[in-house]
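For reference, start34.txt is printed below; it contains compact mmCIF, N, CA and C atoms.
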```txt
# COMPACT_ATOMS: atom_id res chain seq x y z
N MET A 29 -0.38 18.59 -25.48
CA MET A 29 0.56 19.06 -24.48
C MET A 29 -0.22 19.88 -23.44
N ALA A 30 -0.08 19.50 -22.19
CA ALA A 30 -0.76 20.21 -21.10
C ALA A 30 0.03 21.45 -20.72
N TYR A 31 -0.70 22.49 -20.35
CA TYR A 31 -0.05 23.71 -19.87
C TYR A 31 0.38 23.53 -18.42
N ALA A 32 -0.53 23.03 -17.61
CA ALA A 32 -0.23 22.77 -16.20
C ALA A 32 0.46 21.42 -16.09
N THR A 33 1.24 21.27 -15.05
CA THR A 33 1.90 20.00 -14.78
C THR A 33 1.89 19.76 -13.28
N THR A 34 2.05 18.52 -12.90
CA THR A 34 2.15 18.21 -11.48
C THR A 34 3.35 18.92 -10.87
N THR A 35 4.45 18.93 -11.58
CA THR A 35 5.65 19.61 -11.09
C THR A 35 5.39 21.11 -10.93
N GLY A 36 4.70 21.70 -11.90
CA GLY A 36 4.39 23.12 -11.83
C GLY A 36 3.48 23.45 -10.66
N MET A 37 2.47 22.62 -10.42
CA MET A 37 1.59 22.83 -9.26
C MET A 37 2.38 22.68 -7.97
N ASP A 38 3.23 21.65 -7.91
CA ASP A 38 4.05 21.43 -6.71
C ASP A 38 4.95 22.63 -6.43
N GLN A 39 5.55 23.19 -7.48
CA GLN A 39 6.43 24.34 -7.30
C GLN A 39 5.67 25.57 -6.82
N LYS A 40 4.44 25.73 -7.28
CA LYS A 40 3.65 26.91 -6.92
C LYS A 40 3.05 26.80 -5.52
N PHE A 41 2.54 25.61 -5.16
CA PHE A 41 1.80 25.45 -3.90
C PHE A 41 2.48 24.52 -2.90
N GLY A 42 3.51 23.81 -3.32
CA GLY A 42 4.17 22.84 -2.46
C GLY A 42 3.60 21.45 -2.69
N ASP A 43 4.47 20.46 -2.80
CA ASP A 43 3.99 19.12 -3.12
C ASP A 43 3.12 18.52 -2.02
N GLU A 44 3.38 18.89 -0.77
CA GLU A 44 2.51 18.40 0.32
C GLU A 44 1.10 18.93 0.18
N ASN A 45 0.98 20.20 -0.12
CA ASN A 45 -0.35 20.80 -0.29
C ASN A 45 -1.08 20.17 -1.47
N ILE A 46 -0.42 20.06 -2.61
CA ILE A 46 -1.06 19.50 -3.79
C ILE A 46 -1.52 18.07 -3.53
N THR A 47 -0.68 17.30 -2.89
CA THR A 47 -1.06 15.91 -2.58
C THR A 47 -2.22 15.87 -1.60
N LYS A 48 -2.18 16.72 -0.57
CA LYS A 48 -3.28 16.76 0.41
C LYS A 48 -4.58 17.18 -0.26
N TRP A 49 -4.53 18.23 -1.08
CA TRP A 49 -5.73 18.70 -1.74
C TRP A 49 -6.27 17.67 -2.73
N SER A 50 -5.40 16.81 -3.26
CA SER A 50 -5.80 15.79 -4.22
C SER A 50 -6.40 14.55 -3.56
N ASP A 51 -6.16 14.40 -2.27
CA ASP A 51 -6.59 13.20 -1.54
C ASP A 51 -7.91 13.46 -0.84
N LEU A 52 -9.00 13.49 -1.61
CA LEU A 52 -10.30 13.84 -1.05
C LEU A 52 -10.78 12.86 0.02
N ASP A 53 -10.40 11.61 -0.10
CA ASP A 53 -10.82 10.60 0.89
C ASP A 53 -9.86 10.49 2.07
N ASN A 54 -8.77 11.24 2.00
CA ASN A 54 -7.75 11.21 3.06
C ASN A 54 -7.26 9.79 3.36
N ASP A 55 -7.15 8.97 2.30
CA ASP A 55 -6.71 7.59 2.51
C ASP A 55 -5.35 7.29 1.89
N GLY A 56 -4.74 8.29 1.26
CA GLY A 56 -3.41 8.11 0.69
C GLY A 56 -3.37 7.25 -0.56
N ASP A 57 -4.52 6.99 -1.18
CA ASP A 57 -4.58 6.15 -2.38
C ASP A 57 -3.89 6.88 -3.53
N THR A 58 -2.71 6.40 -3.90
CA THR A 58 -1.90 7.10 -4.90
C THR A 58 -2.55 7.14 -6.27
N ASP A 59 -3.33 6.12 -6.61
CA ASP A 59 -4.02 6.14 -7.90
C ASP A 59 -5.08 7.24 -7.94
N ASN A 60 -5.85 7.36 -6.86
CA ASN A 60 -6.87 8.41 -6.79
C ASN A 60 -6.24 9.79 -6.77
N ILE A 61 -5.14 9.92 -6.04
CA ILE A 61 -4.44 11.20 -5.98
C ILE A 61 -3.93 11.60 -7.36
N ALA A 62 -3.32 10.66 -8.07
CA ALA A 62 -2.81 10.94 -9.42
C ALA A 62 -3.97 11.29 -10.36
N ALA A 63 -5.10 10.61 -10.21
CA ALA A 63 -6.25 10.90 -11.06
C ALA A 63 -6.80 12.29 -10.80
N ARG A 64 -6.84 12.72 -9.55
CA ARG A 64 -7.31 14.07 -9.22
C ARG A 64 -6.36 15.12 -9.78
N LYS A 65 -5.06 14.88 -9.66
CA LYS A 65 -4.08 15.82 -10.22
C LYS A 65 -4.27 15.94 -11.73
N ALA A 66 -4.47 14.81 -12.39
CA ALA A 66 -4.68 14.82 -13.84
C ALA A 66 -5.97 15.56 -14.20
N ALA A 67 -7.02 15.37 -13.41
CA ALA A 67 -8.28 16.06 -13.66
C ALA A 67 -8.12 17.57 -13.47
N ALA A 68 -7.33 17.97 -12.48
CA ALA A 68 -7.08 19.40 -12.25
C ALA A 68 -6.36 20.02 -13.43
N ILE A 69 -5.41 19.30 -13.99
CA ILE A 69 -4.66 19.79 -15.14
C ILE A 69 -5.59 19.96 -16.34
N VAL A 70 -6.44 18.97 -16.58
CA VAL A 70 -7.40 19.06 -17.70
C VAL A 70 -8.34 20.25 -17.50
N ALA A 71 -8.85 20.41 -16.28
CA ALA A 71 -9.78 21.51 -16.00
C ALA A 71 -9.10 22.87 -16.18
N ALA A 72 -7.89 23.01 -15.67
CA ALA A 72 -7.17 24.29 -15.79
C ALA A 72 -6.85 24.61 -17.24
N ASP A 73 -6.38 23.63 -17.98
CA ASP A 73 -6.06 23.86 -19.39
C ASP A 73 -7.30 24.26 -20.17
N ALA A 74 -8.43 23.61 -19.89
CA ALA A 74 -9.67 23.95 -20.57
C ALA A 74 -10.11 25.36 -20.22
N GLU A 75 -9.93 25.76 -18.96
CA GLU A 75 -10.31 27.12 -18.56
C GLU A 75 -9.44 28.15 -19.27
N VAL A 76 -8.15 27.89 -19.35
CA VAL A 76 -7.25 28.82 -20.05
C VAL A 76 -7.69 28.95 -21.51
N ASN A 77 -7.91 27.83 -22.17
CA ASN A 77 -8.31 27.87 -23.58
C ASN A 77 -9.65 28.57 -23.77
N THR A 78 -10.58 28.34 -22.85
CA THR A 78 -11.90 28.97 -22.95
C THR A 78 -11.82 30.47 -22.72
N ARG A 79 -11.15 30.87 -21.66
CA ARG A 79 -11.07 32.30 -21.35
C ARG A 79 -10.29 33.08 -22.39
N LEU A 80 -9.32 32.43 -23.01
CA LEU A 80 -8.51 33.10 -24.03
C LEU A 80 -8.91 32.68 -25.45
N GLY A 81 -10.09 32.13 -25.57
CA GLY A 81 -10.54 31.58 -26.85
C GLY A 81 -10.68 32.58 -27.98
N PHE A 82 -10.93 33.84 -27.67
CA PHE A 82 -11.17 34.82 -28.71
C PHE A 82 -9.95 35.71 -28.97
N THR A 83 -8.80 35.28 -28.48
CA THR A 83 -7.58 36.02 -28.81
C THR A 83 -7.08 35.56 -30.17
N HIS A 84 -6.10 36.26 -30.70
CA HIS A 84 -5.58 35.90 -32.02
C HIS A 84 -4.58 34.75 -31.96
N TYR A 85 -4.27 34.27 -30.76
CA TYR A 85 -3.30 33.18 -30.63
C TYR A 85 -3.93 31.84 -30.98
N ARG A 86 -3.12 30.98 -31.55
CA ARG A 86 -3.55 29.63 -31.89
C ARG A 86 -3.60 28.78 -30.62
N LYS A 87 -4.54 27.86 -30.55
CA LYS A 87 -4.61 26.93 -29.42
C LYS A 87 -4.24 25.54 -29.92
N PRO A 88 -3.48 24.78 -29.19
CA PRO A 88 -2.93 25.13 -27.90
C PRO A 88 -1.84 26.19 -28.04
N PHE A 89 -1.64 26.91 -26.95
CA PHE A 89 -0.64 27.97 -26.93
C PHE A 89 0.75 27.34 -26.96
N VAL A 90 1.52 27.67 -27.98
CA VAL A 90 2.90 27.19 -28.08
C VAL A 90 3.79 28.30 -28.62
N THR A 91 5.03 28.26 -28.19
CA THR A 91 6.03 29.20 -28.70
C THR A 91 6.56 28.68 -30.02
N THR A 92 7.40 29.47 -30.66
CA THR A 92 8.02 29.01 -31.91
C THR A 92 8.90 27.79 -31.66
N ALA A 93 9.34 27.59 -30.41
CA ALA A 93 10.15 26.42 -30.05
C ALA A 93 9.27 25.24 -29.61
N SER A 94 7.96 25.34 -29.85
CA SER A 94 7.00 24.28 -29.51
C SER A 94 6.89 24.02 -28.01
N ALA A 95 7.08 25.04 -27.22
CA ALA A 95 6.95 24.93 -25.76
C ALA A 95 5.74 25.75 -25.31
N THR A 96 5.25 25.45 -24.13
CA THR A 96 4.18 26.26 -23.55
C THR A 96 4.77 27.59 -23.10
N PRO A 97 4.16 28.72 -23.47
CA PRO A 97 4.66 30.01 -22.96
C PRO A 97 4.64 30.00 -21.42
N ALA A 98 5.68 30.54 -20.82
CA ALA A 98 5.82 30.50 -19.36
C ALA A 98 4.62 31.11 -18.65
N ILE A 99 4.08 32.19 -19.16
CA ILE A 99 2.95 32.83 -18.49
C ILE A 99 1.70 31.96 -18.55
N ILE A 100 1.51 31.23 -19.64
CA ILE A 100 0.36 30.31 -19.75
C ILE A 100 0.53 29.16 -18.77
N ALA A 101 1.74 28.64 -18.66
CA ALA A 101 2.00 27.56 -17.69
C ALA A 101 1.74 28.06 -16.27
N ASP A 102 2.18 29.28 -15.97
CA ASP A 102 1.98 29.83 -14.63
C ASP A 102 0.48 29.97 -14.32
N ILE A 103 -0.27 30.51 -15.27
CA ILE A 103 -1.71 30.66 -15.09
C ILE A 103 -2.37 29.30 -14.89
N ALA A 104 -2.04 28.35 -15.74
CA ALA A 104 -2.65 27.02 -15.66
C ALA A 104 -2.29 26.30 -14.37
N ASN A 105 -1.05 26.41 -13.93
CA ASN A 105 -0.66 25.78 -12.67
C ASN A 105 -1.41 26.39 -11.49
N ALA A 106 -1.59 27.71 -11.53
CA ALA A 106 -2.35 28.37 -10.47
C ALA A 106 -3.80 27.88 -10.46
N LEU A 107 -4.41 27.84 -11.64
CA LEU A 107 -5.81 27.42 -11.72
C LEU A 107 -5.99 25.94 -11.36
N ALA A 108 -5.03 25.12 -11.72
CA ALA A 108 -5.11 23.69 -11.37
C ALA A 108 -5.03 23.50 -9.86
N GLY A 109 -4.10 24.21 -9.22
CA GLY A 109 -4.00 24.13 -7.76
C GLY A 109 -5.26 24.65 -7.08
N CYS A 110 -5.81 25.73 -7.61
CA CYS A 110 -7.06 26.27 -7.06
C CYS A 110 -8.21 25.28 -7.23
N TRP A 111 -8.26 24.60 -8.36
CA TRP A 111 -9.29 23.59 -8.61
C TRP A 111 -9.22 22.49 -7.56
N LEU A 112 -8.01 22.05 -7.25
CA LEU A 112 -7.84 21.02 -6.22
C LEU A 112 -8.26 21.54 -4.86
N LYS A 113 -7.83 22.75 -4.51
CA LYS A 113 -8.14 23.32 -3.20
C LYS A 113 -9.63 23.59 -3.05
N ASP A 114 -10.29 23.94 -4.15
CA ASP A 114 -11.73 24.23 -4.09
C ASP A 114 -12.55 23.05 -3.58
N ALA A 115 -12.07 21.84 -3.77
CA ALA A 115 -12.81 20.65 -3.32
C ALA A 115 -12.66 20.42 -1.82
N ARG A 116 -11.74 21.12 -1.21
CA ARG A 116 -11.53 21.00 0.24
C ARG A 116 -12.38 22.05 0.95
N ASP A 117 -12.49 21.94 2.25
CA ASP A 117 -13.29 22.89 3.02
C ASP A 117 -12.73 24.30 2.91
N GLN A 118 -13.65 25.27 2.82
CA GLN A 118 -13.26 26.68 2.86
C GLN A 118 -13.03 27.07 4.31
N GLU A 119 -12.00 27.86 4.53
CA GLU A 119 -11.67 28.26 5.89
C GLU A 119 -12.15 29.66 6.23
N THR A 120 -12.12 30.55 5.27
CA THR A 120 -12.47 31.94 5.55
C THR A 120 -13.26 32.52 4.39
N TYR A 121 -14.03 33.57 4.70
CA TYR A 121 -14.84 34.25 3.69
C TYR A 121 -14.68 35.75 3.88
N ASP A 122 -14.81 36.50 2.77
CA ASP A 122 -14.71 37.95 2.87
C ASP A 122 -16.06 38.55 3.25
N ASP A 123 -16.13 39.89 3.26
CA ASP A 123 -17.35 40.58 3.68
C ASP A 123 -18.56 40.30 2.78
N GLN A 124 -18.30 39.93 1.53
CA GLN A 124 -19.39 39.62 0.60
C GLN A 124 -19.73 38.13 0.58
N GLY A 125 -19.10 37.35 1.46
CA GLY A 125 -19.36 35.92 1.52
C GLY A 125 -18.60 35.10 0.49
N GLU A 126 -17.65 35.75 -0.21
CA GLU A 126 -16.84 35.04 -1.18
C GLU A 126 -15.70 34.31 -0.47
N PRO A 127 -15.33 33.13 -0.96
CA PRO A 127 -14.24 32.39 -0.31
C PRO A 127 -12.94 33.17 -0.32
N ARG A 128 -12.28 33.18 0.79
CA ARG A 128 -10.93 33.75 0.93
C ARG A 128 -10.10 32.69 1.61
N ASP A 129 -9.14 32.18 0.90
CA ASP A 129 -8.28 31.17 1.47
C ASP A 129 -6.86 31.36 0.97
N SER A 130 -6.03 30.39 1.20
CA SER A 130 -4.62 30.53 0.85
C SER A 130 -4.37 30.59 -0.66
N VAL A 131 -5.35 30.26 -1.47
CA VAL A 131 -5.13 30.27 -2.91
C VAL A 131 -5.85 31.41 -3.63
N THR A 132 -6.66 32.18 -2.93
CA THR A 132 -7.42 33.25 -3.57
C THR A 132 -6.50 34.21 -4.32
N TRP A 133 -5.38 34.56 -3.74
CA TRP A 133 -4.43 35.47 -4.38
C TRP A 133 -3.96 34.90 -5.72
N HIS A 134 -3.68 33.60 -5.77
CA HIS A 134 -3.22 32.97 -7.01
C HIS A 134 -4.29 33.00 -8.09
N ARG A 135 -5.53 32.73 -7.71
CA ARG A 135 -6.63 32.75 -8.67
C ARG A 135 -6.83 34.17 -9.21
N THR A 136 -6.84 35.15 -8.31
CA THR A 136 -7.02 36.55 -8.71
C THR A 136 -5.92 36.99 -9.66
N LYS A 137 -4.69 36.63 -9.35
CA LYS A 137 -3.55 36.99 -10.21
C LYS A 137 -3.68 36.32 -11.58
N ALA A 138 -4.07 35.06 -11.61
CA ALA A 138 -4.23 34.34 -12.88
C ALA A 138 -5.29 35.01 -13.75
N TYR A 139 -6.43 35.36 -13.15
CA TYR A 139 -7.49 36.01 -13.91
C TYR A 139 -7.06 37.40 -14.39
N LYS A 140 -6.29 38.10 -13.58
CA LYS A 140 -5.79 39.41 -14.00
C LYS A 140 -4.86 39.26 -15.20
N MET A 141 -3.98 38.25 -15.17
CA MET A 141 -3.08 38.04 -16.31
C MET A 141 -3.87 37.66 -17.56
N ILE A 142 -4.91 36.85 -17.40
CA ILE A 142 -5.76 36.50 -18.54
C ILE A 142 -6.38 37.77 -19.12
N ASP A 143 -6.93 38.62 -18.26
CA ASP A 143 -7.52 39.87 -18.72
C ASP A 143 -6.50 40.74 -19.44
N GLN A 144 -5.27 40.76 -18.94
CA GLN A 144 -4.22 41.56 -19.57
C GLN A 144 -3.82 40.98 -20.93
N ILE A 145 -3.86 39.67 -21.08
CA ILE A 145 -3.58 39.06 -22.39
C ILE A 145 -4.69 39.42 -23.36
N ILE A 146 -5.94 39.33 -22.91
CA ILE A 146 -7.08 39.66 -23.76
C ILE A 146 -7.02 41.11 -24.22
N SER A 147 -6.66 42.01 -23.30
CA SER A 147 -6.63 43.44 -23.64
C SER A 147 -5.38 43.84 -24.41
N GLY A 148 -4.41 42.95 -24.52
CA GLY A 148 -3.18 43.26 -25.24
C GLY A 148 -2.10 43.88 -24.37
N GLN A 149 -2.36 44.05 -23.06
CA GLN A 149 -1.34 44.60 -22.17
C GLN A 149 -0.19 43.63 -21.99
N ILE A 150 -0.48 42.34 -22.08
CA ILE A 150 0.55 41.31 -22.06
C ILE A 150 0.51 40.61 -23.40
N ARG A 151 1.66 40.52 -24.02
CA ARG A 151 1.77 39.80 -25.29
C ARG A 151 2.51 38.50 -25.04
N LEU A 152 1.97 37.44 -25.58
CA LEU A 152 2.57 36.13 -25.40
C LEU A 152 3.63 35.84 -26.43
N ASP A 153 4.62 35.07 -26.02
CA ASP A 153 5.57 34.51 -26.97
C ASP A 153 4.89 33.23 -27.49
N ALA A 154 3.91 33.42 -28.34
CA ALA A 154 3.14 32.28 -28.87
C ALA A 154 2.72 32.59 -30.29
N LEU A 155 2.41 31.55 -31.00
CA LEU A 155 1.98 31.68 -32.40
C LEU A 155 0.54 32.10 -32.49
```
Could you show the structure in this file as structure tokens?
Amino acid sequence: MAYATTTGMDQKFGDENITKWSDLDNDGDTDNIAARKAAAIVAADAEVNTRLGFTHYRKPFVTTASATPAIIADIANALAGCWLKDARDQETYDDQGEPRDSVTWHRTKAYKMIDQIISGQIRLDAL
């Protein structure tokens, strides 16, 4: 079961953005677009599992109702969208030369939530 979903990414970033970011060749090839979205989901889920690998929660993260915890889905959808956007041109950079774009806030928030889960400040509804 994937944490991120195409629907979740669309809801977070807008379906036009997700489709545009997925279309690296700008040719509208729906098979390639779907493959990029699937790759983003795999990458985001792997990052979530890796970053939270040393917590006491079982992987994959599931609730007692066998669903993905909402916060894990939110983190994964953010990271999947960021993964797609990262392949596109960067538009702006901060004073240290780090990328600053429309998704930086989402990535920063996702990493902060991961840190809070690790530290115990956020407790998951997960086994």
- Task: List every residue of segment 29-151 of chain A that DSSP, applied to the backbone, labels as strand (DSSP E or B), and write the result as a PyMOL selection string.
- Result: chain A and resi 120-121+127-128
- Task: Could you tell me how far atom N of Lys113 of chain A lies from atom C of Glu75 of chain A, in Å and to one decimal?
- Result: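 Computing the Euclidean distance for atom N of Lys113 of chain A and atom C of Glu75 of chain A yields 15.8 Å.
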Show which residues sit within 6.5 Å of segment 67-70 of chain A, as a short mmCIF file (atom, residue, chain, number, x, y, z; two decimals) with N, CA and C atoms, keeping the file's coordinate frame. Count only N, CA and C atoms, and ignore same-chain residues fewer than 3 positions away.
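Dumped everything to part.cif:
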```cif
data_model
loop_
_atom_site.label_atom_id
_atom_site.label_comp_id
_atom_site.auth_asym_id
_atom_site.auth_seq_id
_atom_site.Cartn_x
_atom_site.Cartn_y
_atom_site.Cartn_z
N ALA A 32 -0.53 23.03 -17.61
CA ALA A 32 -0.23 22.77 -16.20
C ALA A 32 0.46 21.42 -16.09
N THR A 33 1.24 21.27 -15.05
CA THR A 33 1.90 20.00 -14.78
C THR A 33 1.89 19.76 -13.28
N ALA A 62 -3.32 10.66 -8.07
CA ALA A 62 -2.81 10.94 -9.42
C ALA A 62 -3.97 11.29 -10.36
N ALA A 63 -5.10 10.61 -10.21
CA ALA A 63 -6.25 10.90 -11.06
C ALA A 63 -6.80 12.29 -10.80
N ARG A 64 -6.84 12.72 -9.55
CA ARG A 64 -7.31 14.07 -9.22
C ARG A 64 -6.36 15.12 -9.78
N ASP A 73 -6.38 23.63 -17.98
CA ASP A 73 -6.06 23.86 -19.39
C ASP A 73 -7.30 24.26 -20.17
N ALA A 74 -8.43 23.61 -19.89
CA ALA A 74 -9.67 23.95 -20.57
C ALA A 74 -10.11 25.36 -20.22
N GLU A 75 -9.93 25.76 -18.96
CA GLU A 75 -10.31 27.12 -18.56
C GLU A 75 -9.44 28.15 -19.27
N LEU A 107 -4.41 27.84 -11.64
CA LEU A 107 -5.81 27.42 -11.72
C LEU A 107 -5.99 25.94 -11.36
N ALA A 108 -5.03 25.12 -11.72
CA ALA A 108 -5.11 23.69 -11.37
C ALA A 108 -5.03 23.50 -9.86
N GLY A 109 -4.10 24.21 -9.22
CA GLY A 109 -4.00 24.13 -7.76
C GLY A 109 -5.26 24.65 -7.08
N TRP A 111 -8.26 24.60 -8.36
CA TRP A 111 -9.29 23.59 -8.61
C TRP A 111 -9.22 22.49 -7.56
N LEU A 112 -8.01 22.05 -7.25
CA LEU A 112 -7.84 21.02 -6.22
C LEU A 112 -8.26 21.54 -4.86
#
```
- Computed interatomic separation between atom C of Asn77 of chain A and atom C of Lys40 of chain A (Å):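 We find that atom C of Asn77 of chain A and atom C of Lys40 of chain A lie 22.3 Å from each other.
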- Query: In Å, with one decimal, what is the gap from atom C of Asn45 of chain A to atom CA of Val76 of chain A?
  - Reply: 21.4 Å
- Task: Rank nothing, just name the residue among A:Met37, A:Gln144, A:Ala138, A:Ala115 nearest to Asp51 of chain A, using only C-alpha atoms.
- Result: A:Ala115
- Residue neighbourhood Phe41 of chain A, 10 Å, only C-alpha atoms, exclusion window fewer than 6 positions, as a list in words: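 Near Phe41 of chain A, the qualifying residues are Asn105, Ala106, Gly109, Cys110, Ser130, Val131 and His134 of chain A.
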- Message: Neighbouring residues of His84 of chain A were defined as those with any atom within 8 Å, considering all atoms listed in the file; residues of the same chain fewer than 6 positions away were excluded. Please report them as a list in words.
- Response: Ile146, Ala154 and Leu155 of chain A
- Item | Selected residue, from A:Gly148, A:Asp123, A:Met29, A:Arg116, that lies nearest to Leu52 of chain A when counting all atoms listed in the file | A:Arg116
- Message: Residues of chain A classed as helix (DSSP H, G or I) by DSSP on the backbone are to be reported as number ranges by chain.
- Response: A: 34-41, 43-50, 58-79, 98-114, 132-147
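Comparing the minimum interatomic distances between Thr92 of chain A and each of A:Ala30, A:Thr136, A:Gln39, A:Leu152, counting only C-alpha atoms, we find that A:Leu152 sits nearest.
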Axis-aligned box for all listed atoms of segment 110-119 of chain A, 6 Å per side, centre and edges in Å to one decimal, as lines of an AutoDock Vina configuration file:
```
center_x = -9.7
center_y = 25.0
center_z = -1.2
size_x = 19.8
size_y = 21.2
size_z = 26.8
```
- Task: Go through A:Lys140, A:Ile99, A:Thr78, A:Trp49 and flag the residue nearest Asp114 of chain A, using all atoms listed in the file for the distances.
- Result: A:Trp49
